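Asker: Have a look at this one before I ask anything.
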Amino acid sequence: MMELLASLESSEFASWLRESGSIWAYPAVLTLHTLGLGVLVGASSVIDLRLLGAAPNIPLEPLRRLFPIMWAGFWVNAISGALLFVTDATTKGTTRVFIAKLAIIAV
């Protein structure tokens with residue numbers, strides 16, 4: 001397993017992403033990851049608050065349109081998270097906290 005993580009981390013793409021001074025490298029991926037999380041959590045919060053009783057005059061059916069937005073946020077996060085992972089795979093891939101985070105996302 002460590003060999004796979006080390007090869008991911010030492011790949012040309014991971015080195016470019018980690019070490020490049022370009023705004024399109026690590027800062028852009030980190031920004032996309034943050035925006036994806038904001039979209040996912042924001043849309044989910046609207047539905048959650050409605051289900052908890054806030055704004056009872058708003059019907060639930062129109063909120064169904066938020067699900068594609070939530071999925072878009074999830075996939076932006078999944079892809080950008082994988083890109084961020086390869087920059088430090090040997091450290092992140094061996095920590096229990098990161099593995100627990102992935103398990104919770106999978107559930």
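Scheme for the structure tokens: letters A, B, ... for chains in order shown; per-chain residue numbers from 1; ligand numbers from 1 in order shown.
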If we count only C-alpha atoms and set the cut-off at 7 Å, which residues sit around region 82-92 of chain A, ignoring sequence neighbours fewer than 2 positions away in its own chain? Please answer as a PyMOL selection string.

Answerer: chain A and resi 2+5-6+8-9+14-15+17-18+78-80+94-95+98

Asker: As an NGL selection string, please: all residues of chain A that backbone DSSP puts in alpha helix (DSSP H).

Answerer: :A and (2-9 or 12-19 or 26-51 or 66-86 or 89-92 or 96-106)

Asker: Using the selection just defined, write its residues with C-alpha atoms as a compact mmCIF listing (two decimals), in the first residue's frame.

Answerer:
# COMPACT_ATOMS: atom_id res chain seq x y z
CA MET A 2 2.82 2.39 0.85
CA GLU A 3 4.35 1.76 -2.58
CA LEU A 4 1.13 2.88 -4.26
CA LEU A 5 0.88 5.98 -2.07
CA ALA A 6 4.53 6.82 -2.68
CA SER A 7 4.13 6.44 -6.44
CA LEU A 8 1.06 8.70 -6.38
CA GLU A 9 2.92 11.33 -4.39
CA GLU A 12 4.87 14.29 -12.18
CA PHE A 13 1.38 15.69 -11.79
CA ALA A 14 1.53 15.61 -7.98
CA SER A 15 4.92 17.33 -8.03
CA TRP A 16 3.61 20.03 -10.37
CA LEU A 17 0.48 20.54 -8.27
CA ARG A 18 2.45 20.72 -5.01
CA GLU A 19 5.46 22.76 -6.15
CA TYR A 26 -2.64 24.00 -5.71
CA PRO A 27 -4.47 27.29 -4.94
CA ALA A 28 -7.04 26.72 -7.69
CA VAL A 29 -7.71 23.12 -6.65
CA LEU A 30 -8.03 24.15 -3.00
CA THR A 31 -10.44 26.93 -3.98
CA LEU A 32 -12.55 24.49 -6.02
CA HIS A 33 -12.62 22.12 -3.05
CA THR A 34 -13.84 24.89 -0.76
CA LEU A 35 -16.48 26.09 -3.23
CA GLY A 36 -17.71 22.53 -3.80
CA LEU A 37 -18.12 22.02 -0.07
CA GLY A 38 -19.97 25.33 0.23
CA VAL A 39 -22.38 24.36 -2.54
CA LEU A 40 -22.99 20.91 -1.08
CA VAL A 41 -23.46 22.08 2.51
CA GLY A 42 -25.47 25.16 1.51
CA ALA A 43 -28.00 23.25 -0.58
CA SER A 44 -28.20 20.49 2.01
CA SER A 45 -28.78 23.02 4.79
CA VAL A 46 -31.77 24.50 2.98
CA ILE A 47 -33.43 21.08 2.80
CA ASP A 48 -32.42 20.15 6.35
CA LEU A 49 -33.79 23.36 7.84
CA ARG A 50 -37.07 22.90 5.97
CA LEU A 51 -37.37 19.32 7.25
CA LEU A 66 -31.55 21.21 -5.14
CA PHE A 67 -30.43 17.57 -5.42
CA PRO A 68 -28.57 18.00 -8.76
CA ILE A 69 -26.83 21.04 -7.26
CA MET A 70 -25.82 18.97 -4.24
CA TRP A 71 -24.47 16.20 -6.49
CA ALA A 72 -22.49 18.74 -8.50
CA GLY A 73 -20.95 20.05 -5.27
CA PHE A 74 -20.17 16.51 -4.17
CA TRP A 75 -18.40 15.62 -7.42
CA VAL A 76 -16.42 18.87 -7.45
CA ASN A 77 -15.31 17.96 -3.91
CA ALA A 78 -14.53 14.35 -4.80
CA ILE A 79 -12.38 15.26 -7.79
CA SER A 80 -10.59 18.18 -6.17
CA GLY A 81 -10.12 16.15 -2.99
CA ALA A 82 -8.45 13.36 -4.97
CA LEU A 83 -6.15 15.94 -6.56
CA LEU A 84 -5.28 17.36 -3.15
CA PHE A 85 -4.72 13.84 -1.80
CA VAL A 86 -2.01 12.98 -4.33
CA ALA A 89 -0.55 10.75 -0.21
CA THR A 90 1.96 9.05 2.09
CA THR A 91 1.03 11.24 5.05
CA LYS A 92 -2.72 11.54 4.53
CA ARG A 96 -6.67 7.18 11.00
CA VAL A 97 -8.52 10.50 10.88
CA PHE A 98 -8.32 10.66 7.07
CA ILE A 99 -9.37 7.02 6.70
CA ALA A 100 -12.31 7.65 9.07
CA LYS A 101 -13.26 10.72 7.02
CA LEU A 102 -13.36 8.64 3.82
CA ALA A 103 -15.38 5.94 5.56
CA ILE A 104 -17.95 8.49 6.74
CA ILE A 105 -18.21 9.94 3.23
CA ALA A 106 -18.71 6.44 1.82
